[in-house]
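Visitor: Input structure: run.cif, which contains mmCIF, C-alpha atoms and all ligand atoms.
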data_final
loop_
_atom_site.label_atom_id
_atom_site.label_comp_id
_atom_site.auth_asym_id
_atom_site.auth_seq_id
_atom_site.Cartn_x
_atom_site.Cartn_y
_atom_site.Cartn_z
CA MET A 16 6.85 -13.64 -13.25
CA ARG A 17 8.49 -11.00 -11.14
CA ASP A 18 10.14 -12.27 -8.01
CA SER A 19 11.51 -9.77 -5.60
CA GLU A 20 14.30 -9.73 -3.11
CA PHE A 21 12.04 -10.19 -0.09
CA GLY A 22 10.60 -13.70 -0.53
CA PRO A 23 7.76 -15.58 -2.18
CA VAL A 24 4.88 -13.20 -1.36
CA GLN A 25 5.49 -9.92 0.35
CA ILE A 26 2.93 -8.00 2.30
CA VAL A 27 3.47 -4.27 2.55
CA GLU A 28 1.62 -3.25 5.69
CA VAL A 29 0.05 0.16 5.17
CA SER A 30 -2.05 0.60 8.32
CA PRO A 31 0.28 3.07 10.07
CA ARG A 32 0.01 5.52 7.14
CA ASP A 33 -2.67 4.80 4.54
CA GLY A 34 -4.85 3.13 7.16
CA LEU A 35 -4.70 5.61 10.02
CA GLN A 36 -4.74 8.64 7.72
CA ALA A 37 -8.26 7.79 6.60
CA ASP A 38 -9.55 6.63 9.98
CA PRO A 39 -11.77 8.98 12.00
CA ALA A 40 -9.81 8.27 15.21
CA ASP A 41 -6.89 10.42 16.28
CA VAL A 42 -4.04 8.07 17.11
CA THR A 43 -1.12 9.27 19.24
CA THR A 44 2.46 9.00 18.09
CA ALA A 45 3.09 6.47 20.87
CA ASN A 46 0.25 4.28 19.62
CA LYS A 47 1.48 4.53 16.02
CA VAL A 48 4.85 3.25 17.21
CA ALA A 49 3.13 0.57 19.31
CA LEU A 50 1.21 -0.53 16.21
CA VAL A 51 4.44 -0.91 14.26
CA GLU A 52 5.96 -2.81 17.20
CA ARG A 53 3.12 -5.34 16.95
CA LEU A 54 3.47 -5.57 13.17
CA ILE A 55 7.19 -6.30 13.47
CA ALA A 56 6.49 -8.92 16.13
CA ALA A 57 4.01 -10.57 13.73
CA GLY A 58 6.76 -10.85 11.11
CA ASN A 59 6.09 -7.89 8.81
CA THR A 60 9.25 -6.83 6.99
CA ARG A 61 7.81 -3.99 4.94
CA ILE A 62 5.80 -1.28 6.63
CA GLU A 63 4.54 2.06 5.31
CA ALA A 64 5.19 3.99 8.49
CA ALA A 65 4.67 7.65 7.74
CA SER A 66 4.11 10.34 5.19
CA PHE A 67 6.06 13.51 4.65
CA VAL A 68 3.46 15.72 3.06
CA SER A 69 2.15 19.11 4.12
CA PRO A 70 1.04 18.91 7.79
CA LYS A 71 -1.63 21.47 6.93
CA ALA A 72 -3.07 19.17 4.27
CA VAL A 73 -2.79 16.00 6.37
CA PRO A 74 -2.60 16.91 10.09
CA LYS A 75 -2.93 13.27 11.18
CA MET A 76 0.45 12.50 9.63
CA ALA A 77 2.26 15.60 10.92
CA ASP A 78 4.29 13.48 13.37
CA GLY A 79 6.19 11.55 10.67
CA ASP A 80 9.61 12.45 12.07
CA ALA A 81 8.68 11.30 15.58
CA VAL A 82 7.06 8.10 14.29
CA MET A 83 10.15 7.23 12.26
CA ALA A 84 12.44 7.92 15.22
CA GLY A 85 10.24 5.70 17.39
CA VAL A 86 9.94 2.79 14.99
CA ARG A 87 13.63 2.78 14.11
CA SER A 88 14.52 2.19 17.75
CA LEU A 89 12.18 -0.81 18.11
CA ALA A 90 13.56 -4.31 18.55
CA GLY A 91 13.72 -5.97 15.14
CA ALA A 92 13.58 -2.67 13.26
CA ASP A 93 16.74 -3.61 11.38
CA THR A 94 14.80 -6.44 9.69
CA VAL A 95 12.20 -4.02 8.33
CA SER A 96 12.09 -1.75 5.30
CA PHE A 97 10.16 1.33 6.39
CA SER A 98 8.59 3.34 3.61
CA ALA A 99 7.03 6.77 3.58
CA LEU A 100 4.96 8.75 1.14
CA ALA A 101 6.44 11.92 -0.31
CA LEU A 102 4.79 14.15 -2.90
CA ASN A 103 7.54 16.70 -3.49
CA VAL A 104 11.27 17.20 -3.02
CA ARG A 105 10.82 18.82 0.40
CA GLY A 106 8.95 15.68 1.49
CA VAL A 107 11.56 13.31 0.17
CA GLU A 108 14.31 15.29 1.92
CA ARG A 109 12.43 15.00 5.22
CA ALA A 110 11.82 11.28 4.61
CA ILE A 111 15.50 10.64 3.93
CA ALA A 112 16.53 12.65 7.00
CA ALA A 113 14.07 10.59 9.07
CA GLY A 114 15.78 7.39 7.93
CA VAL A 115 13.20 5.74 5.67
CA GLY A 116 14.41 2.85 3.54
CA GLU A 117 11.95 3.49 0.75
CA VAL A 118 10.19 6.52 -0.66
CA THR A 119 6.84 6.06 -2.33
CA GLY A 120 5.17 8.48 -4.69
CA VAL A 121 1.77 8.66 -6.31
CA VAL A 122 0.58 9.48 -9.80
CA VAL A 123 -3.17 9.39 -10.36
CA ALA A 124 -4.42 7.73 -13.54
CA SER A 125 -7.41 10.03 -14.01
CA GLU A 126 -6.96 13.71 -14.84
CA THR A 127 -9.94 14.91 -12.80
CA PHE A 128 -9.02 12.88 -9.72
CA SER A 129 -5.41 14.03 -10.01
CA GLN A 130 -6.35 17.68 -10.05
CA ARG A 131 -8.79 17.36 -7.17
CA ASN A 132 -6.71 14.99 -5.04
CA GLN A 133 -3.11 15.99 -5.79
CA ASN A 134 -3.72 19.55 -6.93
CA ALA A 135 -1.69 18.76 -10.03
CA THR A 136 -2.25 17.49 -13.52
CA VAL A 137 -1.10 13.96 -14.31
CA ALA A 138 1.83 15.37 -16.31
CA GLU A 139 2.82 17.61 -13.38
CA SER A 140 2.66 14.63 -10.99
CA ILE A 141 4.95 12.63 -13.25
CA GLU A 142 7.41 15.56 -13.30
CA ARG A 143 7.28 15.78 -9.50
CA TRP A 144 7.91 12.06 -9.25
CA LYS A 145 11.01 12.40 -11.43
CA HIS A 146 12.46 14.89 -8.92
CA ILE A 147 11.39 12.80 -5.91
CA SER A 148 12.86 9.67 -7.46
CA ALA A 149 16.14 11.37 -8.34
CA ALA A 150 16.54 12.69 -4.79
CA ALA A 151 15.76 9.31 -3.25
CA ARG A 152 18.08 7.44 -5.58
CA ALA A 153 20.89 9.91 -4.93
CA ALA A 154 20.48 9.11 -1.22
CA GLY A 155 20.55 5.36 -1.87
CA VAL A 156 16.91 4.93 -0.84
CA ARG A 157 14.55 2.50 -2.60
CA THR A 158 11.85 4.07 -4.76
CA SER A 159 8.37 2.88 -5.50
CA VAL A 160 5.61 4.67 -7.31
CA THR A 161 1.90 3.97 -7.30
CA ILE A 162 -0.54 4.64 -10.10
CA SER A 163 -3.66 5.35 -8.11
CA ALA A 164 -7.24 5.12 -9.36
CA ALA A 165 -5.75 2.82 -12.01
CA PHE A 166 -8.96 0.81 -12.34
CA GLY A 167 -11.60 3.47 -11.86
CA CYS A 168 -12.16 7.09 -10.93
CA PRO A 169 -15.10 8.57 -9.01
CA PHE A 170 -15.39 11.30 -11.67
CA GLU A 171 -14.32 9.63 -14.92
CA GLY A 172 -15.46 6.04 -14.42
CA ARG A 173 -13.35 3.17 -15.71
CA ILE A 174 -9.86 4.11 -16.77
CA ASP A 175 -8.70 3.08 -20.23
CA PRO A 176 -5.87 0.50 -19.78
CA THR A 177 -3.86 2.11 -22.57
CA ARG A 178 -3.83 5.32 -20.54
CA VAL A 179 -2.49 3.46 -17.49
CA ALA A 180 0.08 1.73 -19.71
CA SER A 181 1.36 5.04 -21.06
CA ILE A 182 1.68 6.49 -17.53
CA ALA A 183 3.43 3.27 -16.49
CA ALA A 184 5.89 3.63 -19.37
CA GLU A 185 6.83 7.14 -18.25
CA LEU A 186 7.30 5.95 -14.67
CA VAL A 187 9.29 2.87 -15.69
CA ALA A 188 11.70 5.24 -17.42
CA THR A 189 12.60 6.63 -13.95
CA GLU A 190 13.76 3.10 -13.01
CA PRO A 191 11.80 2.67 -9.79
CA ASP A 192 12.42 -0.44 -7.70
CA GLU A 193 8.69 -1.04 -7.68
CA LEU A 194 5.58 0.04 -9.56
CA ALA A 195 2.15 -0.38 -8.00
CA LEU A 196 -1.34 -0.31 -9.42
CA ALA A 197 -3.93 0.86 -6.91
CA ASP A 198 -7.67 0.42 -6.93
CA THR A 199 -8.09 3.51 -4.79
CA ILE A 200 -11.87 3.52 -4.73
CA GLY A 201 -12.41 -0.24 -4.68
CA VAL A 202 -14.22 -0.78 -7.97
CA ALA A 203 -11.97 -3.31 -9.76
CA VAL A 204 -13.02 -6.87 -10.63
CA PRO A 205 -10.75 -9.86 -11.40
CA THR A 206 -11.12 -9.78 -15.20
CA GLN A 207 -9.99 -6.18 -15.19
CA VAL A 208 -7.07 -7.04 -12.87
CA HIS A 209 -5.91 -9.76 -15.27
CA GLY A 210 -6.10 -7.37 -18.19
CA LEU A 211 -4.40 -4.37 -16.60
CA PHE A 212 -1.54 -6.25 -14.92
CA SER A 213 -0.91 -8.15 -18.12
CA THR A 214 -0.79 -4.86 -20.08
CA VAL A 215 1.49 -3.16 -17.56
CA ASN A 216 3.71 -6.25 -17.32
CA ASP A 217 4.34 -5.88 -21.05
CA VAL A 218 5.29 -2.23 -20.56
CA CYS A 219 7.72 -3.11 -17.77
CA GLY A 220 9.80 -5.49 -19.85
CA SER A 221 12.10 -8.03 -18.27
CA GLY A 222 14.11 -5.78 -15.94
CA PRO A 223 14.34 -6.00 -12.16
CA LEU A 224 11.27 -3.82 -11.59
CA ALA A 225 8.69 -5.47 -9.33
CA LEU A 226 4.95 -4.95 -9.60
CA ARG A 227 2.82 -4.39 -6.51
CA ALA A 228 -0.95 -4.34 -6.11
CA HIS A 229 -3.00 -2.15 -3.77
CA PHE A 230 -6.62 -3.22 -3.54
CA HIS A 231 -9.47 -1.76 -1.57
CA ASN A 232 -12.31 -3.94 -0.42
CA THR A 233 -14.95 -1.24 -0.78
CA ARG A 234 -17.18 -3.52 -2.86
CA ASN A 235 -15.91 -6.82 -1.47
CA THR A 236 -13.77 -7.68 -4.49
CA ALA A 237 -10.27 -7.26 -3.02
CA LEU A 238 -9.43 -10.91 -2.34
CA ALA A 239 -10.73 -11.99 -5.74
CA ASN A 240 -8.56 -9.26 -7.26
CA ILE A 241 -5.53 -10.46 -5.30
CA ALA A 242 -6.07 -13.99 -6.61
CA ALA A 243 -6.23 -12.59 -10.16
CA ALA A 244 -3.04 -10.56 -9.61
CA LEU A 245 -1.26 -13.66 -8.26
CA ASP A 246 -2.16 -15.36 -11.54
CA GLU A 247 -0.49 -12.47 -13.37
CA GLY A 248 2.70 -13.04 -11.40
CA VAL A 249 2.28 -10.23 -8.85
CA ARG A 250 3.96 -11.19 -5.57
CA ILE A 251 3.75 -7.96 -3.57
CA PHE A 252 0.52 -6.75 -2.01
CA ASP A 253 -0.39 -3.78 0.13
CA SER A 254 -2.81 -4.43 2.95
CA SER A 255 -3.86 -2.83 6.20
CA LEU A 256 -4.25 -4.50 9.58
CA GLY A 257 -7.95 -4.92 10.35
CA GLY A 258 -8.80 -3.34 6.99
CA VAL A 259 -8.48 0.15 8.48
CA GLY A 260 -8.50 3.11 6.13
CA GLY A 261 -11.73 4.16 4.52
CA CYS A 262 -12.32 5.81 1.22
CA PRO A 263 -12.66 9.61 1.26
CA PHE A 264 -15.40 9.44 -1.37
CA ALA A 265 -17.55 6.97 0.55
CA PRO A 266 -17.22 7.72 4.25
CA ARG A 267 -18.92 4.56 5.50
CA ALA A 268 -17.18 2.24 3.05
CA THR A 269 -14.45 -0.22 3.82
CA GLY A 270 -11.10 0.80 2.43
CA ASN A 271 -7.91 -1.21 2.38
CA VAL A 272 -8.13 -4.97 2.29
CA ALA A 273 -7.40 -6.48 5.73
CA THR A 274 -3.91 -7.94 6.16
CA GLU A 275 -5.14 -10.89 8.20
CA ASP A 276 -7.66 -11.77 5.45
CA VAL A 277 -4.93 -11.59 2.80
CA VAL A 278 -2.43 -13.60 4.83
CA TYR A 279 -5.05 -16.25 5.59
CA MET A 280 -6.01 -16.68 1.96
CA ILE A 281 -2.60 -16.69 0.35
CA GLU A 282 -0.99 -18.91 3.00
CA GLN A 283 -3.84 -21.39 2.61
CA MET A 284 -3.18 -21.24 -1.15
CA GLY A 285 0.38 -22.37 -0.44
CA TYR A 286 2.35 -19.11 -0.55
CA GLU A 287 4.68 -18.11 2.27
CA THR A 288 4.35 -14.63 3.73
CA GLY A 289 6.53 -15.00 6.83
CA ILE A 290 3.73 -13.40 8.85
CA ASP A 291 2.17 -15.04 11.88
CA LEU A 292 -1.60 -15.03 11.54
CA ASP A 293 -2.37 -15.33 15.26
CA ALA A 294 -0.10 -12.41 16.04
CA LEU A 295 -1.88 -10.37 13.37
CA ILE A 296 -5.28 -11.24 14.79
CA ASN A 297 -4.15 -10.18 18.27
CA ALA A 298 -2.74 -6.97 16.83
CA ALA A 299 -6.02 -6.28 15.02
CA ALA A 300 -7.94 -6.67 18.30
CA TRP A 301 -5.53 -4.24 19.97
CA LEU A 302 -5.97 -1.76 17.09
CA GLU A 303 -9.74 -1.97 17.38
CA ASP A 304 -9.43 -0.91 21.04
CA VAL A 305 -7.11 1.95 20.14
CA LEU A 306 -9.44 3.24 17.42
CA GLY A 307 -12.53 2.83 19.55
CA HIS A 308 -14.62 1.40 16.75
CA GLY A 309 -15.07 -1.86 14.87
CA ILE A 310 -12.76 -2.86 12.06
CA PRO A 311 -13.89 -4.50 8.82
CA GLY A 312 -11.47 -7.45 8.64
CA LEU A 313 -13.17 -10.85 8.79
CA VAL A 314 -10.41 -13.29 9.77
CA SER A 315 -9.75 -11.28 12.94
CA LYS A 316 -13.33 -12.11 13.92
CA ALA A 317 -13.47 -15.73 12.73
CA GLY A 318 -9.89 -16.78 13.52
CA GLY A 319 -7.65 -18.97 11.41
CA PHE A 320 -8.39 -22.53 10.38
CA PRO A 321 -7.91 -24.84 12.15
CA THR A 322 -8.76 -22.38 14.91
CA GLY A 323 -5.73 -20.71 16.36
CA GLU A 324 -3.04 -22.26 14.19
CA HIS A 325 -1.65 -22.32 10.69
CA LEU A 326 -2.09 -25.28 8.41
CA SER A 327 1.26 -26.57 7.26
CA HIS A 328 1.73 -26.83 3.55
ZN ZN B 401 -5.33 2.29 0.32
#
As structure tokens - that is how I would like this structure written.

Guide:
Amino acid sequence: MRDSEFGPVQIVEVSPRDGLQADPADVTTANKVALVERLIAAGNTRIEAASFVSPKAVPKMADGDAVMAGVRSLAGADTVSFSALALNVRGVERAIAAGVGEVTGVVVASETFSQRNQNATVAESIERWKHISAAARAAGVRTSVTISAAFGCPFEGRIDPTRVASIAAELVATEPDELALADTIGVAVPTQVHGLFSTVNDVCGSGPLALRAHFHNTRNTALANIAAALDEGVRIFDSSLGGVGGCPFAPRATGNVATEDVVYMIEQMGYETGIDLDALINAAAWLEDVLGHGIPGLVSKAGGFPTGEHLSH
């Protein structure tokens, strides 16, 4: 079991970055900040707010500095750990200057996906992470690293768990605060989740490192996978308001699991998230208007149970 400093189950809300980056809509800086304002009001304490990667590669996230300045001045911002993605030392320097509390990096589990998506081999990505991590740690900023496509790759199929374990071992050696396994293309099933988290748990040892899970609902397996990860002791989950954020390899497919669906399920299972479901549902409706298209989350359509309020437990 790996408890973390934030509480029984933590939700890391990724809609402002992972979600909006993959959405067809162009969202203004003001609306990105307004989204974070609603997330804070709903009780989120961990929010992936921005990325500091090449603006040429990801123009939608070019306003990271302005977003960070905006969100840091919001009421309640001091209760929130804002994270940002950085893929090189230049990015981590910008992220630190912008005042992020946590830098996240990515290493892809599959060689083909890594070279196509990150323009680097897996070994090169691990080297980059070492530099990113060192810079963040020197600045007193939390570090977390994600092994993406950990369950499956669009080019190589299922990923051998021993391969993920050996990447995890190299990353654990950099002493991150958190290590995440991501099902980037939404192909994982619960048996696989049990197996891989159990394997990686063994690699991590008994130190303070926390494990996080990032599931996509592309094939409707995300909540089942979260339940499996809970069984393996995982207590930190990424999710995206409304389920925004598609998959670049399947343009019409659902991407990130919806935060309101996750919060509904795990609160009904008896875990505390500290997040207000009604506020999330209202925020999801607002986001749908901003994006100008429907969102895949289900609980934002059906409501909580009993309607409009939490069950006590
Ligand atoms: Zn995602």

Visitor: List all protein, DNA and RNA residues that have at least one atom no more than 7 Å from any atom of ligand ZN 401 (chain B), counting all atoms listed in the file, and write them as JSON, numbers by chain.

Guide: {"A": [33, 34, 199, 229, 230, 231, 260, 270, 271]}

Visitor: Rounded to one decimal, what separation in Å do you get between CA of Arg173 in chain A and CA of Met280 in chain A?

Guide: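 Here the two named atoms are 27.6 Å from each other.
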
Visitor: Could you work out an axis-aligned box for range 100-107 of chain A, taking every atom the file lists and adding 4 Å on each side, and report centre and edge lengths in Å to one decimal, as lines of an AutoDock Vina configuration file?

Guide:
center_x = 8.2
center_y = 13.8
center_z = -1.0
size_x = 14.8
size_y = 18.1
size_z = 13.0

Visitor: State, in Å with one decimal place, the distance from CA of Val156 in chain A to CA of Ile111 in chain A.

Guide: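 If I compute the distance from CA of Val156 in chain A to CA of Ile111 in chain A, I get 7.6 Å.
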
Visitor: Here is a test: counting all atoms listed in the file, which residue of A:Gly309, A:Pro176, A:Pro223, A:Gly210 is nearest to Gly257 in chain A?

Guide: A:Gly309

Visitor: Could you name the residues that touch Ala242 in chain A at 10 Å or less, counting all atoms listed in the file, but leaving out those on the same chain fewer than 2 positions away, as a PyMOL selection string?

Guide: chain A and resi 205+208-209+237-240+244-247+249+277+280-281+284

Visitor: Could you check the closest approach to Ala77 in chain A for each of A:Ile141, A:Val107, A:Ala49, A:Ala65 and tell me which residue wins, using all atoms listed in the file?

Guide: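 Checking each of A:Ile141, A:Val107, A:Ala49, A:Ala65 against Ala77 in chain A, counting all atoms listed in the file, the winner is A:Ala65.
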
Visitor: For the point (3.1, 15.8, -16.5) in the file's frame, write as a PDB file with C-alpha atoms, keeping the file's coordinate frame all residues with an atom no more than 12 Å away, counting only C-alpha atoms.

Guide:
ATOM      1  CA  VAL A 122       0.580   9.480  -9.800  1.00  0.00           C
ATOM      2  CA  VAL A 123      -3.170   9.390 -10.360  1.00  0.00           C
ATOM      3  CA  ALA A 124      -4.420   7.730 -13.540  1.00  0.00           C
ATOM      4  CA  GLU A 126      -6.960  13.710 -14.840  1.00  0.00           C
ATOM      5  CA  SER A 129      -5.410  14.030 -10.010  1.00  0.00           C
ATOM      6  CA  GLN A 130      -6.350  17.680 -10.050  1.00  0.00           C
ATOM      7  CA  ALA A 135      -1.690  18.760 -10.030  1.00  0.00           C
ATOM      8  CA  THR A 136      -2.250  17.490 -13.520  1.00  0.00           C
ATOM      9  CA  VAL A 137      -1.100  13.960 -14.310  1.00  0.00           C
ATOM     10  CA  ALA A 138       1.830  15.370 -16.310  1.00  0.00           C
ATOM     11  CA  GLU A 139       2.820  17.610 -13.380  1.00  0.00           C
ATOM     12  CA  SER A 140       2.660  14.630 -10.990  1.00  0.00           C
ATOM     13  CA  ILE A 141       4.950  12.630 -13.250  1.00  0.00           C
ATOM     14  CA  GLU A 142       7.410  15.560 -13.300  1.00  0.00           C
ATOM     15  CA  ARG A 143       7.280  15.780  -9.500  1.00  0.00           C
ATOM     16  CA  TRP A 144       7.910  12.060  -9.250  1.00  0.00           C
ATOM     17  CA  LYS A 145      11.010  12.400 -11.430  1.00  0.00           C
ATOM     18  CA  SER A 181       1.360   5.040 -21.060  1.00  0.00           C
ATOM     19  CA  ILE A 182       1.680   6.490 -17.530  1.00  0.00           C
ATOM     20  CA  GLU A 185       6.830   7.140 -18.250  1.00  0.00           C
ATOM     21  CA  LEU A 186       7.300   5.950 -14.670  1.00  0.00           C
TER      22      LEU A 186
END

Visitor: Rank nothing, just name the residue among A:Leu302, A:Ala110, A:Ser221, A:Arg250 nearest to Tyr286 in chain A, using only C-alpha atoms.

Guide: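 Selected residue with least distance to Tyr286 in chain A: A:Arg250.
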
Visitor: Which residue gives the smallest distance to Leu306 in chain A among A:Asp198, A:Asp38, A:Glu171, A:Asp93, with all atoms listed in the file counted?

Guide: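 Closest to Leu306 in chain A of all the choices is A:Asp38.
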
Visitor: For Asp276 in chain A, work out the shell of residues within 9 Å, counting all atoms listed in the file and skipping chain neighbours fewer than 2 positions away, then give it as a VMD selection string.

Guide: chain A and resid 238 257 to 258 272 to 274 278 to 281 312 to 315

Visitor: Please, which residues are within 7 Å of (7.5, -0.1, 3.2) by the file's coordinates, counting all atoms listed in the file, and could they come as a PDB file with C-alpha atoms, in the frame of the given file?

Guide:
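Okay, result.pdb is ready:
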ATOM      1  CA  VAL A  27       3.470  -4.270   2.550  1.00  0.00           C
ATOM      2  CA  ARG A  61       7.810  -3.990   4.940  1.00  0.00           C
ATOM      3  CA  ILE A  62       5.800  -1.280   6.630  1.00  0.00           C
ATOM      4  CA  GLU A  63       4.540   2.060   5.310  1.00  0.00           C
ATOM      5  CA  SER A  96      12.090  -1.750   5.300  1.00  0.00           C
ATOM      6  CA  PHE A  97      10.160   1.330   6.390  1.00  0.00           C
ATOM      7  CA  SER A  98       8.590   3.340   3.610  1.00  0.00           C
ATOM      8  CA  ALA A  99       7.030   6.770   3.580  1.00  0.00           C
ATOM      9  CA  GLU A 117      11.950   3.490   0.750  1.00  0.00           C
TER      10      GLU A 117
END

Visitor: Which residues are near Leu211 in chain A? Cut-off 9 Å, only C-alpha atoms, ignore same chain within fewer than 6 positions. Put them as a ChimeraX atom specification.

Guide: /A:165-166,176-177,179-180,196

Visitor: Using all atoms listed in the file, can you tell me which of A:Val86, A:Val160, A:Ile174, A:Ala154 comes closest to Gly120 in chain A?

Guide: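 Under the stated criterion, the closest residue is A:Val160.
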
Visitor: Please report the interatomic distance between CA of Val48 in chain A and CA of Val259 in chain A in Å with one decimal.

Guide: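 Between CA of Val48 in chain A and CA of Val259 in chain A the gap works out to 16.2 Å.
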
Visitor: Just want the 7 Å neighbourhood of range 287-290 of chain A, counted on only C-alpha atoms, with same-chain residues fewer than 6 positions away dropped. Output as a PyMOL selection string.

Guide: chain A and resi 23-26+57-59+278

Visitor: I'd like the neighbourhood of Lys47 in chain A as a PyMOL selection string, where a residue qualifies if any of its atoms comes within 9 Å (using all atoms listed in the file), though same-chain residues fewer than 3 positions away should be ignored.

Guide: chain A and resi 31+35+42-44+50-52+64+82+85-86

Visitor: Nearest to Gly116 in chain A: which of A:Ile147, A:Ala84, A:Met76, A:Arg157 is it, counting only C-alpha atoms?

Guide: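 Of A:Ile147, A:Ala84, A:Met76, A:Arg157, the one nearest Gly116 in chain A is A:Arg157, counting only C-alpha atoms.
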